>>> print(open('start.cif').read())   # mmCIF, C-alpha atoms
data_query
#
loop_
_atom_site.label_atom_id
_atom_site.label_comp_id
_atom_site.auth_asym_id
_atom_site.auth_seq_id
_atom_site.Cartn_x
_atom_site.Cartn_y
_atom_site.Cartn_z
CA MET Q 1 1.96 -20.63 11.83
CA LYS Q 2 3.27 -23.88 10.37
CA ASN Q 3 1.48 -23.12 7.11
CA LEU Q 4 3.07 -19.67 6.97
CA TRP Q 5 6.55 -21.09 7.65
CA THR Q 6 6.03 -23.65 4.88
CA GLN Q 7 5.00 -20.86 2.52
CA ILE Q 8 8.14 -18.91 3.41
CA THR Q 9 10.52 -21.83 2.84
CA GLU Q 10 8.83 -22.70 -0.47
CA ASN Q 11 8.91 -19.14 -1.82
CA LEU Q 12 12.24 -17.74 -0.67
CA ASP Q 13 12.71 -15.74 -3.89
CA HIS Q 14 9.45 -13.86 -3.39
CA VAL Q 15 10.17 -13.42 0.32
CA ALA Q 16 13.57 -11.93 -0.54
CA GLY Q 17 11.89 -9.51 -2.96
CA PHE Q 18 9.41 -8.59 -0.27
CA ALA Q 19 12.20 -7.99 2.27
CA GLY Q 20 14.11 -5.83 -0.20
CA THR Q 21 11.04 -3.74 -0.94
CA VAL Q 22 10.35 -3.27 2.77
CA ALA Q 23 13.96 -2.16 3.37
CA ALA Q 24 13.80 0.32 0.46
CA MET Q 25 10.55 1.88 1.69
CA PHE Q 26 11.86 2.19 5.25
CA LEU Q 27 15.07 3.80 3.97
CA ILE Q 28 13.16 6.41 1.96
CA ALA Q 29 10.88 7.14 4.91
CA PHE Q 30 13.82 7.36 7.33
CA LEU Q 31 15.77 9.80 5.12
CA PHE Q 32 12.81 12.16 4.80
CA GLU Q 33 11.95 11.82 8.49
CA THR Q 34 15.54 12.75 9.38
CA TYR Q 35 15.34 15.78 7.09
CA PHE Q 36 12.10 17.01 8.67
CA ARG Q 37 13.45 16.53 12.18
CA LYS Q 38 16.54 18.62 11.37
CA ARG Q 39 14.38 21.22 9.59
CA ASN Q 40 12.03 21.54 12.56
CA LYS Q 41 14.80 21.08 15.16
CA THR Q 42 12.94 18.11 16.64
CA THR Q 43 14.66 16.13 19.36
CA GLY Q 44 13.99 12.68 20.81
CA ARG Q 45 13.35 9.35 19.15
CA ILE Q 46 11.73 8.97 15.74
CA LEU Q 47 9.43 6.34 17.23
CA SER Q 48 8.36 7.38 20.71
CA THR Q 49 6.41 5.08 23.01
CA LYS Q 50 3.14 6.76 22.08
CA LYS Q 51 3.90 6.46 18.35
CA VAL Q 52 4.65 2.75 18.65
CA THR Q 53 1.41 2.24 20.57
CA MET Q 54 -0.62 4.12 17.97
CA ILE Q 55 1.12 2.29 15.11
CA GLY Q 56 0.06 -0.98 16.70
CA MET Q 57 -3.54 0.20 17.02
CA PHE Q 58 -3.78 1.54 13.47
CA SER Q 59 -2.06 -1.58 12.10
CA ALA Q 60 -4.66 -3.79 13.74
CA ILE Q 61 -7.51 -1.70 12.29
CA ALA Q 62 -5.85 -1.75 8.87
CA MET Q 63 -5.41 -5.53 9.00
CA ILE Q 64 -9.10 -6.05 9.80
CA LEU Q 65 -10.12 -3.78 6.93
CA HIS Q 66 -7.65 -5.59 4.66
CA LEU Q 67 -9.42 -8.89 5.33
CA PHE Q 68 -12.70 -7.47 4.03
CA ASP Q 69 -11.59 -6.94 0.44
CA PHE Q 70 -13.98 -7.06 -2.49
CA PRO Q 71 -13.72 -7.48 -6.30
CA ILE Q 72 -14.33 -4.72 -8.87
CA PRO Q 73 -16.03 -6.65 -11.69
CA PHE Q 74 -16.58 -3.56 -13.86
CA LEU Q 75 -12.84 -2.81 -13.98
CA ALA Q 76 -10.84 -6.04 -13.62
CA PRO Q 77 -10.88 -9.84 -13.26
CA GLY Q 78 -11.90 -11.22 -9.87
CA PHE Q 79 -8.37 -11.68 -8.50
CA TYR Q 80 -8.04 -7.88 -8.35
CA LYS Q 81 -9.66 -6.63 -5.15
CA LEU Q 82 -10.07 -3.40 -3.23
CA ASP Q 83 -10.11 -2.77 0.48
CA LEU Q 84 -10.19 0.21 2.84
CA SER Q 85 -7.04 -0.63 4.77
CA GLU Q 86 -5.09 2.43 3.59
CA ILE Q 87 -7.37 4.77 5.57
CA PRO Q 88 -5.84 4.04 9.01
CA VAL Q 89 -2.36 3.83 7.45
CA LEU Q 90 -2.74 7.27 5.88
CA ILE Q 91 -4.11 8.78 9.10
CA CYS Q 92 -1.17 7.38 11.06
CA ALA Q 93 1.31 8.68 8.46
CA PHE Q 94 -0.21 12.18 8.56
CA ALA Q 95 -0.12 12.21 12.36
CA TYR Q 96 3.33 10.72 12.95
CA GLY Q 97 5.29 10.96 9.69
CA PRO Q 98 6.54 8.73 6.86
CA VAL Q 99 8.35 6.16 9.05
CA ALA Q 100 5.17 5.55 11.05
CA GLY Q 101 3.23 5.21 7.80
CA VAL Q 102 5.56 2.57 6.35
CA PHE Q 103 5.72 0.80 9.71
CA THR Q 104 1.91 0.63 9.85
CA GLU Q 105 1.71 -0.64 6.27
CA PHE Q 106 4.27 -3.34 7.05
CA CYS Q 107 2.59 -4.40 10.31
CA LYS Q 108 -0.75 -4.59 8.49
CA ILE Q 109 0.67 -7.12 6.03
CA LEU Q 110 2.54 -9.00 8.76
CA LEU Q 111 -0.60 -9.34 10.87
CA LYS Q 112 -2.58 -10.49 7.83
CA LEU Q 113 0.04 -13.14 7.09
CA LEU Q 114 0.00 -14.35 10.70
CA PHE Q 115 -3.79 -14.64 10.78
CA LYS Q 116 -4.49 -15.73 7.20
CA SER Q 117 -1.13 -16.75 5.68
CA THR Q 118 -0.83 -16.13 1.92
CA SER Q 119 -2.66 -17.52 -1.09
CA THR Q 120 -0.33 -15.90 -3.65
CA ALA Q 121 3.15 -17.02 -2.54
CA PHE Q 122 3.64 -13.50 -1.08
CA VAL Q 123 3.28 -11.90 -4.53
CA GLY Q 124 -0.06 -10.28 -3.73
CA ASP Q 125 1.16 -9.25 -0.27
CA LEU Q 126 4.23 -7.61 -1.78
CA ALA Q 127 2.01 -5.77 -4.25
CA ASN Q 128 -0.33 -4.54 -1.52
CA PHE Q 129 2.58 -3.30 0.61
CA ALA Q 130 4.45 -1.62 -2.25
CA VAL Q 131 1.41 0.05 -3.80
CA GLY Q 132 0.18 1.16 -0.37
CA CYS Q 133 3.54 2.73 0.44
CA VAL Q 134 3.59 4.56 -2.88
CA LEU Q 135 0.34 6.24 -1.81
CA VAL Q 136 1.32 6.86 1.82
CA LEU Q 137 4.94 7.99 1.41
CA PRO Q 138 4.43 10.87 -1.08
CA ALA Q 139 1.26 11.98 0.69
CA SER Q 140 2.81 12.04 4.18
CA ILE Q 141 6.07 13.61 2.95
CA LEU Q 142 4.27 16.48 1.21
CA TYR Q 143 2.00 17.00 4.20
CA GLN Q 144 5.00 17.35 6.54
CA PHE Q 145 6.14 20.46 4.64
CA LYS Q 146 2.94 22.36 5.42
CA LYS Q 147 0.20 20.90 7.60
CA THR Q 148 -2.90 22.61 6.21
CA LYS Q 149 -6.17 21.32 4.82
CA LYS Q 150 -5.27 22.40 1.28
CA ARG Q 151 -1.89 20.70 1.54
CA ALA Q 152 -3.54 17.52 2.85
CA ILE Q 153 -5.84 17.45 -0.20
CA LEU Q 154 -2.89 18.07 -2.53
CA SER Q 155 -0.84 15.42 -0.74
CA CYS Q 156 -3.57 12.80 -1.15
CA ALA Q 157 -4.00 13.74 -4.82
CA VAL Q 158 -0.26 13.42 -5.51
CA GLY Q 159 -0.11 10.14 -3.58
CA THR Q 160 -3.03 8.77 -5.59
CA LEU Q 161 -1.40 9.79 -8.87
CA CYS Q 162 1.91 8.19 -7.82
CA MET Q 163 0.09 5.00 -6.84
CA ALA Q 164 -1.79 4.87 -10.16
CA VAL Q 165 1.41 5.27 -12.22
CA PHE Q 166 3.51 2.93 -10.09
CA GLY Q 167 0.73 0.35 -9.84
CA ALA Q 168 0.28 0.25 -13.61
CA VAL Q 169 4.00 -0.19 -14.29
CA PHE Q 170 4.45 -2.66 -11.42
CA ASN Q 171 1.59 -4.82 -12.68
CA ALA Q 172 2.80 -4.81 -16.28
CA VAL Q 173 6.43 -5.55 -15.45
CA TYR Q 174 6.20 -7.82 -12.39
CA LEU Q 175 2.80 -8.69 -10.97
CA LEU Q 176 0.96 -10.05 -14.01
CA PRO Q 177 3.89 -12.24 -15.16
CA ALA Q 178 4.35 -13.46 -11.57
CA PHE Q 179 0.66 -14.36 -11.29
CA ALA Q 180 0.85 -16.13 -14.67
CA VAL Q 181 3.68 -18.33 -13.37
CA LEU Q 182 2.00 -18.82 -10.00
CA PHE Q 183 -1.46 -19.79 -11.22
CA MET Q 184 -0.79 -21.14 -14.73
CA GLY Q 185 2.82 -22.28 -14.61
CA ASP Q 186 3.96 -20.12 -17.52
CA ALA Q 187 4.83 -16.42 -17.75
CA GLY Q 188 3.45 -16.45 -21.29
CA ALA Q 189 0.02 -17.21 -19.87
CA VAL Q 190 -0.32 -13.51 -19.05
CA ASP Q 191 -2.31 -13.35 -22.30
CA SER Q 192 -5.08 -15.17 -20.46
CA PHE Q 193 -5.33 -12.25 -18.04
CA VAL Q 194 -5.41 -9.85 -20.95
CA ALA Q 195 -8.29 -11.83 -22.44
CA MET Q 196 -10.16 -11.62 -19.12
CA GLY Q 197 -9.60 -7.88 -19.10
CA HIS Q 198 -10.76 -7.58 -22.71
CA ASP Q 199 -14.04 -9.27 -21.81
CA ILE Q 200 -14.65 -6.48 -19.28
CA ILE Q 201 -13.13 -3.52 -21.14
CA PRO Q 202 -12.82 -4.03 -24.94
CA LEU Q 203 -10.03 -1.43 -25.15
CA ILE Q 204 -7.72 -3.90 -23.37
CA THR Q 205 -5.70 -5.78 -25.99
CA ASP Q 206 -2.30 -6.34 -24.35
CA VAL Q 207 -0.48 -5.97 -21.03
CA THR Q 208 0.08 -2.24 -21.54
CA THR Q 209 -3.59 -1.48 -22.15
CA PHE Q 210 -4.54 -3.79 -19.27
CA ALA Q 211 -2.38 -1.69 -16.96
CA LEU Q 212 -3.67 1.56 -18.46
CA PHE Q 213 -7.41 0.89 -18.59
CA SER Q 214 -7.82 -1.52 -15.68
CA VAL Q 215 -5.00 -1.30 -13.12
CA ALA Q 216 -4.55 2.50 -13.15
CA PRO Q 217 -8.29 3.20 -12.62
CA ILE Q 218 -8.36 0.63 -9.78
CA ASN Q 219 -5.55 2.44 -7.99
CA ILE Q 220 -7.14 5.84 -8.60
CA LEU Q 221 -10.34 4.49 -7.07
CA LYS Q 222 -8.33 3.01 -4.17
CA GLY Q 223 -6.63 6.36 -3.58
CA ILE Q 224 -9.94 8.23 -3.57
CA MET Q 225 -11.49 5.69 -1.21
CA ALA Q 226 -8.58 6.18 1.19
CA SER Q 227 -8.23 9.95 0.81
CA ILE Q 228 -11.80 11.16 1.33
CA PRO Q 229 -12.39 9.34 4.66
CA THR Q 230 -8.91 10.44 5.80
CA MET Q 231 -9.82 14.07 5.10
CA LEU Q 232 -13.04 13.69 7.08
CA ILE Q 233 -11.56 11.77 10.01
CA TYR Q 234 -8.04 13.13 10.49
CA LYS Q 235 -8.68 16.70 11.68
CA PRO Q 236 -11.22 15.73 14.38
CA LEU Q 237 -8.80 13.02 15.55
CA SER Q 238 -5.60 15.07 15.35
CA PRO Q 239 -5.79 16.60 18.88
CA LEU Q 240 -5.89 13.07 20.29
CA LEU Q 241 -3.06 11.89 18.07
CA LYS Q 242 -0.52 14.60 18.87
CA ASP Q 243 2.75 13.12 20.08
CA ASN Q 244 3.34 14.81 23.41
CA ARG Q 245 5.92 12.22 24.50
#
>>> encode(input="start.cif", output="structure tokens")
Amino acid sequence: MKNLWTQITENLDHVAGFAGTVAAMFLIAFLFETYFRKRNKTTGRILSTKKVTMIGMFSAIAMILHLFDFPIPFLAPGFYKLDLSEIPVLICAFAYGPVAGVFTEFCKILLKLLFKSTSTAFVGDLANFAVGCVLVLPASILYQFKKTKKRAILSCAVGTLCMAVFGAVFNAVYLLPAFAVLFMGDAGAVDSFVAMGHDIIPLITDVTTFALFSVAPINILKGIMASIPTMLIYKPLSPLLKDNR
């Protein structure tokens, strides 16, 4: 805990960015959740007791899966890693809506920080939260309009596409320069990452091609790895997940 508090005080700018991103994602989720509740004439609280309990459970599962990340050496340098933590987040979002999805994504990161702190001055944690939400929010929002198997597949496909596009732009504009400053002390050192990417994929020659040929495929792979298990698991689980208040 002391280590985490030290990290927070030493990286207030990144923490502020993280907090702003969290607030923006919650606002988007809340606005859509409010719309769906009015559309379906739903009464009661957005987060019932059962929902909060299930969010806690899925967050814990997601955090554990998040800890077991692994590199993708055929696509990117070793500091880029994949994990399966979006599976429980996506299941929770499908079952309980966008607010529950964002809440689970946030709790996953919070639990990870409490147990493991941060090795990237919160930059990597911000990226994981933001990119995860850009998969979960579009997917859960589309699914709320029509809860069918075909719509679930479409929702996951759209969420994966959104994550690939956002992830590529986010890496090119923010994440790679931030990592260059963090690990090498100079934003211009981003060329070193490009060189690492070029060694893996010769088509990579600058930040744009790095994002296009490395980051976008990683996020597409991440989306597929989250979507397929969700499709297989969600329907059998859905009777148990229904919010009967």
>>> closest_residue(input="start.cif", among="Q:Leu135, Q:Met184, Q:Val22, Q:Ile61", to="Phe106 of chain Q", atoms="all atoms listed in the file")
Q:Val22
>>> atom_distance(input="start.cif", atom1="atom CA of Tyr80 of chain Q", atom2="atom CA of Leu203 of chain Q")
18.1 Å
>>> atom_distance(input="start.cif", atom1="atom CA of Pro138 of chain Q", atom2="atom CA of Phe70 of chain Q")
25.7 Å
>>> residues_around(input="start.cif", residues="Ala60 of chain Q", least_positions_apart="3", cutoff="10 Å", atoms="only C-alpha atoms", output="list of chain:residue names")
Q:Met54, Q:Ile55, Q:Gly56, Q:Met57, Q:Met63, Q:Ile64, Q:Leu65, Q:His66, Q:Ser85, Q:Pro88, Q:Thr104, Q:Cys107, Q:Lys108, Q:Ile109, Q:Leu111, Q:Lys112
>>> residues_around(input="start.cif", residues="Asn171 of chain Q", least_positions_apart="5", cutoff="8 Å", atoms="all atoms listed in the file", output="VMD selection string")
chain Q and resid 176 211 215
>>> closest_residue(input="start.cif", among="Q:Phe94, Q:Phe193, Q:Phe170, Q:Tyr35", to="Gly78 of chain Q", atoms="all atoms listed in the file")
Q:Phe193
>>> residues_around(input="start.cif", residues="Ile72 of chain Q", least_positions_apart="3", cutoff="12 Å", atoms="all atoms listed in the file", output="list in words")
Asp69, Leu75, Ala76, Pro77, Gly78, Phe79, Tyr80, Lys81, Leu82, Asp83, Gly197, Ile200, Ser214, Val215, Pro217, Ile218, Asn219, Leu221 and Lys222 of chain Q
>>> closest_residue(input="start.cif", among="Q:Ile201, Q:Leu182, Q:Ala216, Q:Leu90", to="Cys162 of chain Q", atoms="all atoms listed in the file")
Q:Ala216
>>> atom_distance(input="start.cif", atom1="atom CA of Pro98 of chain Q", atom2="atom CA of Phe145 of chain Q")
11.9 Å
>>> closest_residue(input="start.cif", among="Q:Gln144, Q:Ser59, Q:Thr34, Q:Asn3", to="Leu47 of chain Q", atoms="only C-alpha atoms")
Q:Thr34
>>> residues_around(input="start.cif", residues="segment 28-33 of chain Q", least_positions_apart="3", cutoff="7 Å", atoms="only C-alpha atoms", output="number ranges by chain")
Q: 24-25, 36-37, 97-99, 137
>>> resolve_selection(input="start.cif", expression="the PyMOL selection byres ((chain Q and resi 114-125) around 7)", output="MDAnalysis selection string")
chainID Q and resid 1 4 7 11 14:15 109:113 126:129
>>> resolve_selection(input="start.cif", expression="the PyMOL selection byres ((chain Q and resi 153) around 10)", output="PDB file with C-alpha atoms, in the coordinates of the input")
ATOM      1  CA  ALA Q 139       1.260  11.980   0.690  1.00  0.00           C
ATOM      2  CA  TYR Q 143       2.000  17.000   4.200  1.00  0.00           C
ATOM      3  CA  THR Q 148      -2.900  22.610   6.210  1.00  0.00           C
ATOM      4  CA  LYS Q 149      -6.170  21.320   4.820  1.00  0.00           C
ATOM      5  CA  LYS Q 150      -5.270  22.400   1.280  1.00  0.00           C
ATOM      6  CA  ARG Q 151      -1.890  20.700   1.540  1.00  0.00           C
ATOM      7  CA  ALA Q 152      -3.540  17.520   2.850  1.00  0.00           C
ATOM      8  CA  LEU Q 154      -2.890  18.070  -2.530  1.00  0.00           C
ATOM      9  CA  SER Q 155      -0.840  15.420  -0.740  1.00  0.00           C
ATOM     10  CA  CYS Q 156      -3.570  12.800  -1.150  1.00  0.00           C
ATOM     11  CA  ALA Q 157      -4.000  13.740  -4.820  1.00  0.00           C
ATOM     12  CA  VAL Q 158      -0.260  13.420  -5.510  1.00  0.00           C
ATOM     13  CA  GLY Q 159      -0.110  10.140  -3.580  1.00  0.00           C
ATOM     14  CA  SER Q 227      -8.230   9.950   0.810  1.00  0.00           C
ATOM     15  CA  ILE Q 228     -11.800  11.160   1.330  1.00  0.00           C
ATOM     16  CA  THR Q 230      -8.910  10.440   5.800  1.00  0.00           C
ATOM     17  CA  MET Q 231      -9.820  14.070   5.100  1.00  0.00           C
TER      18      MET Q 231
END
>>> resolve_selection(input="start.cif", expression="the PyMOL selection byres ((chain Q and resi 208) around 10)", output="number ranges by chain")
Q: 168-169, 171-173, 194, 204-207, 209-215
>>> build_atoms(input="start.cif", residues="segment 137-171 of chain Q", atoms="N, CA and C atoms", output="PDB file, in the coordinates of the input")
ATOM      1  N   LEU Q 137       3.680   7.246   1.298  1.00  0.00           N
ATOM      2  CA  LEU Q 137       4.940   7.990   1.410  1.00  0.00           C
ATOM      3  C   LEU Q 137       4.871   9.387   0.777  1.00  0.00           C
ATOM      4  N   PRO Q 138       4.497   9.515  -0.514  1.00  0.00           N
ATOM      5  CA  PRO Q 138       4.430  10.870  -1.080  1.00  0.00           C
ATOM      6  C   PRO Q 138       3.430  11.761  -0.345  1.00  0.00           C
ATOM      7  N   ALA Q 139       2.283  11.184   0.013  1.00  0.00           N
ATOM      8  CA  ALA Q 139       1.260  11.980   0.690  1.00  0.00           C
ATOM      9  C   ALA Q 139       1.763  12.492   2.041  1.00  0.00           C
ATOM     10  N   SER Q 140       2.351  11.619   2.852  1.00  0.00           N
ATOM     11  CA  SER Q 140       2.810  12.040   4.180  1.00  0.00           C
ATOM     12  C   SER Q 140       4.019  12.961   4.094  1.00  0.00           C
ATOM     13  N   ILE Q 141       4.894  12.737   3.111  1.00  0.00           N
ATOM     14  CA  ILE Q 141       6.070  13.610   2.950  1.00  0.00           C
ATOM     15  C   ILE Q 141       5.638  15.019   2.574  1.00  0.00           C
ATOM     16  N   LEU Q 142       4.749  15.151   1.606  1.00  0.00           N
ATOM     17  CA  LEU Q 142       4.270  16.480   1.210  1.00  0.00           C
ATOM     18  C   LEU Q 142       3.550  17.172   2.357  1.00  0.00           C
ATOM     19  N   TYR Q 143       2.771  16.413   3.093  1.00  0.00           N
ATOM     20  CA  TYR Q 143       2.000  17.000   4.200  1.00  0.00           C
ATOM     21  C   TYR Q 143       2.919  17.528   5.299  1.00  0.00           C
ATOM     22  N   GLN Q 144       4.080  16.905   5.499  1.00  0.00           N
ATOM     23  CA  GLN Q 144       5.000  17.350   6.540  1.00  0.00           C
ATOM     24  C   GLN Q 144       5.571  18.741   6.258  1.00  0.00           C
ATOM     25  N   PHE Q 145       5.609  19.140   4.988  1.00  0.00           N
ATOM     26  CA  PHE Q 145       6.140  20.460   4.640  1.00  0.00           C
ATOM     27  C   PHE Q 145       5.212  21.580   5.108  1.00  0.00           C
ATOM     28  N   LYS Q 146       3.915  21.326   5.044  1.00  0.00           N
ATOM     29  CA  LYS Q 146       2.940  22.360   5.420  1.00  0.00           C
ATOM     30  C   LYS Q 146       1.641  21.665   5.815  1.00  0.00           C
ATOM     31  N   LYS Q 147       1.335  21.666   7.102  1.00  0.00           N
ATOM     32  CA  LYS Q 147       0.200  20.900   7.600  1.00  0.00           C
ATOM     33  C   LYS Q 147      -1.084  21.735   7.588  1.00  0.00           C
ATOM     34  N   THR Q 148      -1.636  21.894   6.379  1.00  0.00           N
ATOM     35  CA  THR Q 148      -2.900  22.610   6.210  1.00  0.00           C
ATOM     36  C   THR Q 148      -3.882  21.709   5.471  1.00  0.00           C
ATOM     37  N   LYS Q 149      -5.147  22.117   5.475  1.00  0.00           N
ATOM     38  CA  LYS Q 149      -6.170  21.320   4.820  1.00  0.00           C
ATOM     39  C   LYS Q 149      -5.916  21.247   3.307  1.00  0.00           C
ATOM     40  N   LYS Q 150      -5.559  22.380   2.716  1.00  0.00           N
ATOM     41  CA  LYS Q 150      -5.270  22.400   1.280  1.00  0.00           C
ATOM     42  C   LYS Q 150      -4.086  21.504   0.952  1.00  0.00           C
ATOM     43  N   ARG Q 151      -3.061  21.546   1.788  1.00  0.00           N
ATOM     44  CA  ARG Q 151      -1.890  20.700   1.540  1.00  0.00           C
ATOM     45  C   ARG Q 151      -2.237  19.228   1.723  1.00  0.00           C
ATOM     46  N   ALA Q 152      -3.124  18.921   2.660  1.00  0.00           N
ATOM     47  CA  ALA Q 152      -3.540  17.520   2.850  1.00  0.00           C
ATOM     48  C   ALA Q 152      -4.260  17.008   1.604  1.00  0.00           C
ATOM     49  N   ILE Q 153      -5.134  17.847   1.023  1.00  0.00           N
ATOM     50  CA  ILE Q 153      -5.840  17.450  -0.200  1.00  0.00           C
ATOM     51  C   ILE Q 153      -4.853  17.250  -1.340  1.00  0.00           C
ATOM     52  N   LEU Q 154      -3.917  18.197  -1.492  1.00  0.00           N
ATOM     53  CA  LEU Q 154      -2.890  18.070  -2.530  1.00  0.00           C
ATOM     54  C   LEU Q 154      -2.041  16.829  -2.305  1.00  0.00           C
ATOM     55  N   SER Q 155      -1.675  16.581  -1.060  1.00  0.00           N
ATOM     56  CA  SER Q 155      -0.840  15.420  -0.740  1.00  0.00           C
ATOM     57  C   SER Q 155      -1.528  14.118  -1.122  1.00  0.00           C
ATOM     58  N   CYS Q 156      -2.817  14.009  -0.799  1.00  0.00           N
ATOM     59  CA  CYS Q 156      -3.570  12.800  -1.150  1.00  0.00           C
ATOM     60  C   CYS Q 156      -3.697  12.653  -2.669  1.00  0.00           C
ATOM     61  N   ALA Q 157      -3.885  13.785  -3.354  1.00  0.00           N
ATOM     62  CA  ALA Q 157      -4.000  13.740  -4.820  1.00  0.00           C
ATOM     63  C   ALA Q 157      -2.689  13.283  -5.454  1.00  0.00           C
ATOM     64  N   VAL Q 158      -1.569  13.814  -4.973  1.00  0.00           N
ATOM     65  CA  VAL Q 158      -0.260  13.420  -5.510  1.00  0.00           C
ATOM     66  C   VAL Q 158       0.017  11.956  -5.186  1.00  0.00           C
ATOM     67  N   GLY Q 159      -0.298  11.536  -3.954  1.00  0.00           N
ATOM     68  CA  GLY Q 159      -0.110  10.140  -3.580  1.00  0.00           C
ATOM     69  C   GLY Q 159      -0.925   9.197  -4.441  1.00  0.00           C
ATOM     70  N   THR Q 160      -2.164   9.584  -4.727  1.00  0.00           N
ATOM     71  CA  THR Q 160      -3.030   8.770  -5.590  1.00  0.00           C
ATOM     72  C   THR Q 160      -2.476   8.673  -6.996  1.00  0.00           C
ATOM     73  N   LEU Q 161      -1.988   9.791  -7.527  1.00  0.00           N
ATOM     74  CA  LEU Q 161      -1.400   9.790  -8.870  1.00  0.00           C
ATOM     75  C   LEU Q 161      -0.148   8.902  -8.902  1.00  0.00           C
ATOM     76  N   CYS Q 162       0.706   9.022  -7.886  1.00  0.00           N
ATOM     77  CA  CYS Q 162       1.910   8.190  -7.820  1.00  0.00           C
ATOM     78  C   CYS Q 162       1.534   6.707  -7.763  1.00  0.00           C
ATOM     79  N   MET Q 163       0.515   6.384  -6.978  1.00  0.00           N
ATOM     80  CA  MET Q 163       0.090   5.000  -6.840  1.00  0.00           C
ATOM     81  C   MET Q 163      -0.466   4.468  -8.163  1.00  0.00           C
ATOM     82  N   ALA Q 164      -1.222   5.307  -8.879  1.00  0.00           N
ATOM     83  CA  ALA Q 164      -1.790   4.870 -10.160  1.00  0.00           C
ATOM     84  C   ALA Q 164      -0.688   4.573 -11.177  1.00  0.00           C
ATOM     85  N   VAL Q 165       0.306   5.457 -11.253  1.00  0.00           N
ATOM     86  CA  VAL Q 165       1.410   5.270 -12.220  1.00  0.00           C
ATOM     87  C   VAL Q 165       2.256   4.070 -11.822  1.00  0.00           C
ATOM     88  N   PHE Q 166       2.681   4.041 -10.553  1.00  0.00           N
ATOM     89  CA  PHE Q 166       3.510   2.930 -10.090  1.00  0.00           C
ATOM     90  C   PHE Q 166       2.777   1.604 -10.202  1.00  0.00           C
ATOM     91  N   GLY Q 167       1.510   1.579  -9.798  1.00  0.00           N
ATOM     92  CA  GLY Q 167       0.730   0.350  -9.840  1.00  0.00           C
ATOM     93  C   GLY Q 167       0.610  -0.199 -11.245  1.00  0.00           C
ATOM     94  N   ALA Q 168       0.402   0.687 -12.215  1.00  0.00           N
ATOM     95  CA  ALA Q 168       0.280   0.250 -13.610  1.00  0.00           C
ATOM     96  C   ALA Q 168       1.581  -0.368 -14.100  1.00  0.00           C
ATOM     97  N   VAL Q 169       2.691   0.318 -13.845  1.00  0.00           N
ATOM     98  CA  VAL Q 169       4.000  -0.190 -14.290  1.00  0.00           C
ATOM     99  C   VAL Q 169       4.358  -1.474 -13.548  1.00  0.00           C
ATOM    100  N   PHE Q 170       4.133  -1.491 -12.245  1.00  0.00           N
ATOM    101  CA  PHE Q 170       4.450  -2.660 -11.420  1.00  0.00           C
ATOM    102  C   PHE Q 170       3.679  -3.886 -11.871  1.00  0.00           C
ATOM    103  N   ASN Q 171       2.408  -3.706 -12.207  1.00  0.00           N
ATOM    104  CA  ASN Q 171       1.590  -4.820 -12.680  1.00  0.00           C
ATOM    105  C   ASN Q 171       2.085  -5.324 -14.033  1.00  0.00           C
TER     106      ASN Q 171
END
